[in-house]
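Text of data-v6.pdb (PDB, C-alpha atoms) as supplied:
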```
ATOM      1  CA  MET A   1     138.067 105.734  79.019  1.00  0.00           C
ATOM      2  CA  GLU A   2     138.952 102.141  79.907  1.00  0.00           C
ATOM      3  CA  GLY A   3     142.386 103.408  80.977  1.00  0.00           C
ATOM      4  CA  ASN A   4     140.769 106.121  83.088  1.00  0.00           C
ATOM      5  CA  LYS A   5     138.600 103.512  84.800  1.00  0.00           C
ATOM      6  CA  ARG A   6     141.753 101.555  85.654  1.00  0.00           C
ATOM      7  CA  TRP A   7     143.269 104.801  87.027  1.00  0.00           C
ATOM      8  CA  VAL A   8     140.207 105.496  89.181  1.00  0.00           C
ATOM      9  CA  ASP A   9     140.078 101.883  90.420  1.00  0.00           C
ATOM     10  CA  GLY A  10     143.842 101.676  91.025  1.00  0.00           C
ATOM     11  CA  ASN A  11     144.071  98.701  88.665  1.00  0.00           C
ATOM     12  CA  LEU A  12     146.738 100.094  86.328  1.00  0.00           C
ATOM     13  CA  HIS A  13     148.127  98.029  83.450  1.00  0.00           C
ATOM     14  CA  HIS A  14     150.960 100.443  82.540  1.00  0.00           C
ATOM     15  CA  PRO A  15     150.766  99.380  78.882  1.00  0.00           C
ATOM     16  CA  ASP A  16     153.417 100.123  76.297  1.00  0.00           C
ATOM     17  CA  ARG A  17     156.110 101.086  78.812  1.00  0.00           C
ATOM     18  CA  ASP A  18     158.975  98.707  78.215  1.00  0.00           C
ATOM     19  CA  PRO A  19     162.104  98.403  76.031  1.00  0.00           C
ATOM     20  CA  ASP A  20     160.203  96.383  73.412  1.00  0.00           C
ATOM     21  CA  ARG A  21     157.690  99.207  72.981  1.00  0.00           C
ATOM     22  CA  ARG A  22     160.502 101.767  72.858  1.00  0.00           C
ATOM     23  CA  GLN A  23     162.109  99.815  70.020  1.00  0.00           C
ATOM     24  CA  LEU A  24     158.772  99.425  68.209  1.00  0.00           C
ATOM     25  CA  VAL A  25     158.074 103.176  68.131  1.00  0.00           C
ATOM     26  CA  ALA A  26     161.686 104.311  67.671  1.00  0.00           C
ATOM     27  CA  GLN A  27     161.332 104.745  63.897  1.00  0.00           C
ATOM     28  CA  THR A  28     157.675 105.750  63.553  1.00  0.00           C
ATOM     29  CA  GLN A  29     154.615 106.546  65.638  1.00  0.00           C
ATOM     30  CA  GLU A  30     150.863 106.179  65.262  1.00  0.00           C
ATOM     31  CA  PRO A  31     149.237 107.614  68.384  1.00  0.00           C
ATOM     32  CA  TYR A  32     145.501 106.990  68.614  1.00  0.00           C
ATOM     33  CA  GLY A  33     144.782 110.299  70.304  1.00  0.00           C
ATOM     34  CA  VAL A  34     145.803 113.896  70.861  1.00  0.00           C
ATOM     35  CA  VAL A  35     145.243 115.294  74.351  1.00  0.00           C
ATOM     36  CA  LEU A  36     145.302 119.040  74.935  1.00  0.00           C
ATOM     37  CA  SER A  37     145.367 119.456  78.697  1.00  0.00           C
ATOM     38  CA  CYS A  38     146.486 121.864  81.369  1.00  0.00           C
ATOM     39  CA  ILE A  39     150.049 122.242  82.605  1.00  0.00           C
ATOM     40  CA  ASP A  40     148.854 121.308  86.104  1.00  0.00           C
ATOM     41  CA  SER A  41     151.209 118.736  87.641  1.00  0.00           C
ATOM     42  CA  ARG A  42     148.239 116.746  88.939  1.00  0.00           C
ATOM     43  CA  VAL A  43     146.814 116.102  85.464  1.00  0.00           C
ATOM     44  CA  PRO A  44     149.280 113.969  83.444  1.00  0.00           C
ATOM     45  CA  PRO A  45     147.247 112.464  80.575  1.00  0.00           C
ATOM     46  CA  GLU A  46     149.501 109.426  80.113  1.00  0.00           C
ATOM     47  CA  LEU A  47     148.876 108.416  83.722  1.00  0.00           C
ATOM     48  CA  LEU A  48     145.203 109.230  84.127  1.00  0.00           C
ATOM     49  CA  PHE A  49     144.366 107.351  80.918  1.00  0.00           C
ATOM     50  CA  ASP A  50     146.857 104.547  81.777  1.00  0.00           C
ATOM     51  CA  THR A  51     148.633 104.764  78.421  1.00  0.00           C
ATOM     52  CA  GLY A  52     152.201 104.324  77.340  1.00  0.00           C
ATOM     53  CA  LEU A  53     154.940 105.296  74.941  1.00  0.00           C
ATOM     54  CA  GLY A  54     153.668 106.176  71.489  1.00  0.00           C
ATOM     55  CA  ASP A  55     149.972 106.064  72.442  1.00  0.00           C
ATOM     56  CA  LEU A  56     149.180 109.795  72.696  1.00  0.00           C
ATOM     57  CA  TYR A  57     150.288 113.148  71.371  1.00  0.00           C
ATOM     58  CA  VAL A  58     150.141 115.365  74.476  1.00  0.00           C
ATOM     59  CA  LEU A  59     150.114 119.157  74.595  1.00  0.00           C
ATOM     60  CA  ARG A  60     149.853 121.065  77.842  1.00  0.00           C
ATOM     61  CA  THR A  61     149.113 124.768  78.228  1.00  0.00           C
ATOM     62  CA  GLY A  62     147.715 126.843  81.063  1.00  0.00           C
ATOM     63  CA  ALA A  63     143.944 126.170  81.048  1.00  0.00           C
ATOM     64  CA  GLN A  64     144.134 124.673  77.555  1.00  0.00           C
ATOM     65  CA  ALA A  65     144.747 128.146  76.144  1.00  0.00           C
ATOM     66  CA  VAL A  66     145.426 127.960  72.426  1.00  0.00           C
ATOM     67  CA  GLY A  67     147.128 130.025  69.785  1.00  0.00           C
ATOM     68  CA  PRO A  68     148.486 129.272  66.315  1.00  0.00           C
ATOM     69  CA  VAL A  69     151.426 127.099  67.455  1.00  0.00           C
ATOM     70  CA  VAL A  70     149.272 125.065  69.849  1.00  0.00           C
ATOM     71  CA  THR A  71     146.507 124.664  67.279  1.00  0.00           C
ATOM     72  CA  GLY A  72     149.059 123.575  64.673  1.00  0.00           C
ATOM     73  CA  SER A  73     150.462 121.052  67.128  1.00  0.00           C
ATOM     74  CA  VAL A  74     146.975 119.663  67.805  1.00  0.00           C
ATOM     75  CA  GLU A  75     146.396 119.411  64.040  1.00  0.00           C
ATOM     76  CA  TYR A  76     149.614 117.463  63.485  1.00  0.00           C
ATOM     77  CA  GLY A  77     148.345 113.950  64.312  1.00  0.00           C
ATOM     78  CA  PRO A  78     144.983 114.098  62.561  1.00  0.00           C
ATOM     79  CA  MET A  79     146.383 115.854  59.489  1.00  0.00           C
ATOM     80  CA  THR A  80     149.603 113.858  59.026  1.00  0.00           C
ATOM     81  CA  SER A  81     148.808 110.367  60.264  1.00  0.00           C
ATOM     82  CA  GLY A  82     145.046 110.173  60.625  1.00  0.00           C
ATOM     83  CA  THR A  83     144.918 110.256  64.429  1.00  0.00           C
ATOM     84  CA  PRO A  84     141.165 109.819  65.022  1.00  0.00           C
ATOM     85  CA  LEU A  85     140.713 111.519  68.395  1.00  0.00           C
ATOM     86  CA  ILE A  86     141.383 114.875  70.044  1.00  0.00           C
ATOM     87  CA  VAL A  87     140.546 115.331  73.726  1.00  0.00           C
ATOM     88  CA  VAL A  88     140.456 118.803  75.275  1.00  0.00           C
ATOM     89  CA  LEU A  89     140.950 118.022  78.951  1.00  0.00           C
ATOM     90  CA  GLY A  90     140.289 120.614  81.641  1.00  0.00           C
ATOM     91  CA  HIS A  91     140.199 119.932  85.348  1.00  0.00           C
ATOM     92  CA  GLN A  92     138.780 120.746  88.744  1.00  0.00           C
ATOM     93  CA  ARG A  93     140.355 123.644  90.675  1.00  0.00           C
ATOM     94  CA  CYS A  94     142.435 124.949  87.760  1.00  0.00           C
ATOM     95  CA  GLY A  95     144.817 127.619  89.068  1.00  0.00           C
ATOM     96  CA  ALA A  96     145.201 129.279  85.666  1.00  0.00           C
ATOM     97  CA  VAL A  97     141.439 129.645  85.309  1.00  0.00           C
ATOM     98  CA  GLU A  98     141.089 130.898  88.889  1.00  0.00           C
ATOM     99  CA  ALA A  99     143.835 133.522  88.475  1.00  0.00           C
ATOM    100  CA  SER A 100     142.366 134.630  85.142  1.00  0.00           C
ATOM    101  CA  TYR A 101     138.835 134.775  86.553  1.00  0.00           C
ATOM    102  CA  LYS A 102     139.899 136.902  89.528  1.00  0.00           C
ATOM    103  CA  ALA A 103     141.988 139.249  87.363  1.00  0.00           C
ATOM    104  CA  MET A 104     139.127 139.830  84.917  1.00  0.00           C
ATOM    105  CA  ARG A 105     136.558 140.199  87.705  1.00  0.00           C
ATOM    106  CA  ASP A 106     138.752 142.731  89.496  1.00  0.00           C
ATOM    107  CA  GLY A 107     139.962 144.557  86.377  1.00  0.00           C
ATOM    108  CA  ALA A 108     143.550 143.585  87.198  1.00  0.00           C
ATOM    109  CA  THR A 109     146.406 142.541  84.930  1.00  0.00           C
ATOM    110  CA  LEU A 110     148.369 139.365  85.560  1.00  0.00           C
ATOM    111  CA  PRO A 111     152.175 139.631  85.595  1.00  0.00           C
ATOM    112  CA  GLY A 112     154.367 138.793  82.627  1.00  0.00           C
ATOM    113  CA  ASN A 113     152.978 136.535  79.949  1.00  0.00           C
ATOM    114  CA  LEU A 114     150.351 135.143  82.318  1.00  0.00           C
ATOM    115  CA  GLN A 115     148.119 137.898  80.981  1.00  0.00           C
ATOM    116  CA  ALA A 116     148.158 136.126  77.594  1.00  0.00           C
ATOM    117  CA  ILE A 117     146.441 133.155  79.259  1.00  0.00           C
ATOM    118  CA  ALA A 118     143.805 135.423  80.776  1.00  0.00           C
ATOM    119  CA  ASP A 119     143.262 137.096  77.408  1.00  0.00           C
ATOM    120  CA  ALA A 120     142.759 133.697  75.766  1.00  0.00           C
ATOM    121  CA  LEU A 121     140.210 132.791  78.454  1.00  0.00           C
ATOM    122  CA  ARG A 122     138.100 135.945  78.024  1.00  0.00           C
ATOM    123  CA  PRO A 123     135.287 134.166  76.101  1.00  0.00           C
ATOM    124  CA  ALA A 124     135.052 131.511  78.845  1.00  0.00           C
ATOM    125  CA  TYR A 125     134.971 134.242  81.490  1.00  0.00           C
ATOM    126  CA  ASP A 126     132.194 136.081  79.650  1.00  0.00           C
ATOM    127  CA  GLN A 127     130.224 132.843  79.408  1.00  0.00           C
ATOM    128  CA  ALA A 128     130.748 132.059  83.113  1.00  0.00           C
ATOM    129  CA  VAL A 129     129.534 135.545  84.094  1.00  0.00           C
ATOM    130  CA  ARG A 130     126.395 135.093  81.954  1.00  0.00           C
ATOM    131  CA  LEU A 131     125.700 131.640  83.458  1.00  0.00           C
ATOM    132  CA  ALA A 132     126.342 132.875  87.030  1.00  0.00           C
ATOM    133  CA  GLY A 133     126.790 129.415  88.580  1.00  0.00           C
ATOM    134  CA  SER A 134     127.492 128.736  92.232  1.00  0.00           C
ATOM    135  CA  ASP A 135     131.184 128.070  91.448  1.00  0.00           C
ATOM    136  CA  PRO A 136     132.197 130.607  88.791  1.00  0.00           C
ATOM    137  CA  VAL A 137     135.726 129.199  88.410  1.00  0.00           C
ATOM    138  CA  ASP A 138     134.393 125.698  87.716  1.00  0.00           C
ATOM    139  CA  THR A 139     131.777 127.170  85.348  1.00  0.00           C
ATOM    140  CA  MET A 140     134.560 129.034  83.540  1.00  0.00           C
ATOM    141  CA  THR A 141     136.710 125.892  83.361  1.00  0.00           C
ATOM    142  CA  ARG A 142     133.892 123.906  81.770  1.00  0.00           C
ATOM    143  CA  ALA A 143     133.166 126.780  79.387  1.00  0.00           C
ATOM    144  CA  GLN A 144     136.828 126.887  78.349  1.00  0.00           C
ATOM    145  CA  ILE A 145     136.813 123.157  77.613  1.00  0.00           C
ATOM    146  CA  ARG A 146     133.681 123.401  75.487  1.00  0.00           C
ATOM    147  CA  LEU A 147     134.790 126.544  73.651  1.00  0.00           C
ATOM    148  CA  THR A 148     138.214 125.104  72.828  1.00  0.00           C
ATOM    149  CA  ALA A 149     136.739 121.785  71.659  1.00  0.00           C
ATOM    150  CA  ASN A 150     134.154 123.628  69.543  1.00  0.00           C
ATOM    151  CA  ASP A 151     136.854 125.839  67.999  1.00  0.00           C
ATOM    152  CA  LEU A 152     138.939 122.791  67.074  1.00  0.00           C
ATOM    153  CA  ARG A 153     135.878 120.914  65.807  1.00  0.00           C
ATOM    154  CA  SER A 154     135.022 123.784  63.461  1.00  0.00           C
ATOM    155  CA  ASN A 155     138.621 124.592  62.504  1.00  0.00           C
ATOM    156  CA  LYS A 156     139.010 124.958  58.720  1.00  0.00           C
ATOM    157  CA  ASP A 157     141.399 121.991  58.537  1.00  0.00           C
ATOM    158  CA  LEU A 158     139.974 119.723  61.256  1.00  0.00           C
ATOM    159  CA  GLY A 159     136.303 120.494  60.575  1.00  0.00           C
ATOM    160  CA  PRO A 160     136.158 118.482  57.329  1.00  0.00           C
ATOM    161  CA  LEU A 161     137.671 115.463  59.142  1.00  0.00           C
ATOM    162  CA  VAL A 162     135.033 115.780  61.863  1.00  0.00           C
ATOM    163  CA  LYS A 163     132.284 116.149  59.277  1.00  0.00           C
ATOM    164  CA  LYS A 164     133.285 112.982  57.415  1.00  0.00           C
ATOM    165  CA  GLY A 165     133.560 111.040  60.704  1.00  0.00           C
ATOM    166  CA  SER A 166     137.286 110.319  60.665  1.00  0.00           C
ATOM    167  CA  LEU A 167     137.977 112.589  63.660  1.00  0.00           C
ATOM    168  CA  ALA A 168     136.221 113.162  66.974  1.00  0.00           C
ATOM    169  CA  VAL A 169     136.990 116.224  69.111  1.00  0.00           C
ATOM    170  CA  VAL A 170     135.921 115.550  72.682  1.00  0.00           C
ATOM    171  CA  GLY A 171     135.666 117.972  75.587  1.00  0.00           C
ATOM    172  CA  ALA A 172     136.410 116.334  78.954  1.00  0.00           C
ATOM    173  CA  TYR A 173     136.700 117.351  82.603  1.00  0.00           C
ATOM    174  CA  TYR A 174     139.017 115.685  85.128  1.00  0.00           C
ATOM    175  CA  SER A 175     138.084 115.483  88.817  1.00  0.00           C
ATOM    176  CA  LEU A 176     141.115 115.864  91.048  1.00  0.00           C
ATOM    177  CA  ASP A 177     139.074 114.380  93.905  1.00  0.00           C
ATOM    178  CA  THR A 178     138.013 111.150  92.204  1.00  0.00           C
ATOM    179  CA  GLY A 179     140.429 110.763  89.275  1.00  0.00           C
ATOM    180  CA  ARG A 180     137.452 110.338  86.959  1.00  0.00           C
ATOM    181  CA  VAL A 181     137.260 111.919  83.502  1.00  0.00           C
ATOM    182  CA  GLU A 182     133.782 113.131  82.545  1.00  0.00           C
ATOM    183  CA  ILE A 183     132.970 113.591  78.849  1.00  0.00           C
ATOM    184  CA  LEU A 184     131.338 116.994  78.299  1.00  0.00           C
ATOM    185  CA  GLY A 185     130.648 116.654  74.601  1.00  0.00           C
ATOM    186  CA  GLY A 186     131.823 115.521  71.197  1.00  0.00           C
ATOM    187  CA  ALA A 187     132.059 111.802  71.896  1.00  0.00           C
ATOM    188  CA  PRO A 188     131.569 109.771  68.735  1.00  0.00           C
ATOM    189  CA  SER A 189     128.249 107.937  68.558  1.00  0.00           C
TER     190      SER A 189
END
```

Taking this structure as input, can you express it in the form of structure tokens?
Amino acid sequence: MEGNKRWVDGNLHHPDRDPDRRQLVAQTQEPYGVVLSCIDSRVPPELLFDTGLGDLYVLRTGAQAVGPVVTGSVEYGPMTSGTPLIVVLGHQRCGAVEASYKAMRDGATLPGNLQAIADALRPAYDQAVRLAGSDPVDTMTRAQIRLTANDLRSNKDLGPLVKKGSLAVVGAYYSLDTGRVEILGGAPS
């Protein structure tokens, strides 16, 4: 969050981005976090958290949609090297969520494999419809973040790490307007 504050303030340090760091992590890595974020070009985790080479495992899927390969990739750091943090990062005005919301609302099917994203977002859509907020796409985005973080937090392999306190799974929301990351839940106490 300190890196995000630097991003918001425009006071970037650009840490760990030089040849010395490249040499240091060439043989091994110990990232301190896993970030599962959207593919959106405006939401690059390494930049908005002002991090560098070897600091984060980063996975990006449309609207943080998950499946077995994505979940396995998220599990990699915590289960192999004790990475203590997972952040599920959604964002304002997510195009994947908007397209999925409209398709489900209208009973339409998205083209190609985009429908797989919409299918993965069905629980978030159902929750957004029940909550009936003034901005249903934003409500669905926030629901997707929370649902994905909760699923990871209770995952059969990650859950025990969360329970013993060696892993935190945090849901977070990125504002495209301000650059600020808001923690929605799961922050360690």

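CA of Val74 (chain A) is found 8.1 Å from CA of Tyr57 (chain A).
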
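Our summary of the geometry notes that CA of Tyr125 (chain A) is positioned 22.8 Å from CA of Val69 (chain A).
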
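Non-sequential neighbours of Arg146 (chain A) (distance at most 9 Å, separation of 3 or more positions within a chain, only C-alpha atoms) are Val88, Ala124, Thr141, Arg142, Ala143, Ala149, Asn150, Asp151, Val170, Gly171, Ala172, Leu184 and Gly185 of chain A.
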
Within 9 Å of His13 (chain A), counting all atoms listed in the file, which residues show up once you throw out same-chain ones fewer than 4 positions away? Write them as an mmCIF file with C-alpha atoms, keeping the file's coordinate frame, please.
```
data_model
loop_
_atom_site.group_PDB
_atom_site.id
_atom_site.type_symbol
_atom_site.label_atom_id
_atom_site.label_comp_id
_atom_site.auth_asym_id
_atom_site.auth_seq_id
_atom_site.Cartn_x
_atom_site.Cartn_y
_atom_site.Cartn_z
ATOM 1 C CA GLY A 3 142.386 103.408 80.977
ATOM 2 C CA ARG A 6 141.753 101.555 85.654
ATOM 3 C CA ASP A 50 146.857 104.547 81.777
ATOM 4 C CA THR A 51 148.633 104.764 78.421
#
```

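Here the question is which of A:Arg130, A:Ala26, A:Val43, A:Leu36 gets nearest to Gly72 (chain A) using all atoms listed in the file, and that residue is A:Leu36.
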
| task | Determine, counting all atoms listed in the file, which protein, DNA and RNA residues have an atom within 12 Å of an atom of region 94-109 of chain A; residues of the same chain fewer than 5 positions away are not included. Present the result as a PyMOL selection string. | result | chain A and resi 37-43+61-65+89+114-129+135-145+173-176

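Between Ala187 (chain A) and the candidates A:Leu85, A:Leu158, A:Leu24, A:Leu131, the tightest atom-to-atom separation, counting only C-alpha atoms, involves A:Leu85.
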
| request: Please write as a PyMOL selection string the full residue list that the PyMOL selection byres ((chain A and resi 54) around 12) yields on this file. | output: chain A and resi 15-18+20-34+46+51-53+55-58+77+83

| query | Phe49 (chain A): which residues within 8 Å, counting all atoms listed in the file, same-chain residues fewer than 6 positions away excluded, as an MDAnalysis selection string? | reply | chainID A and resid 1:7
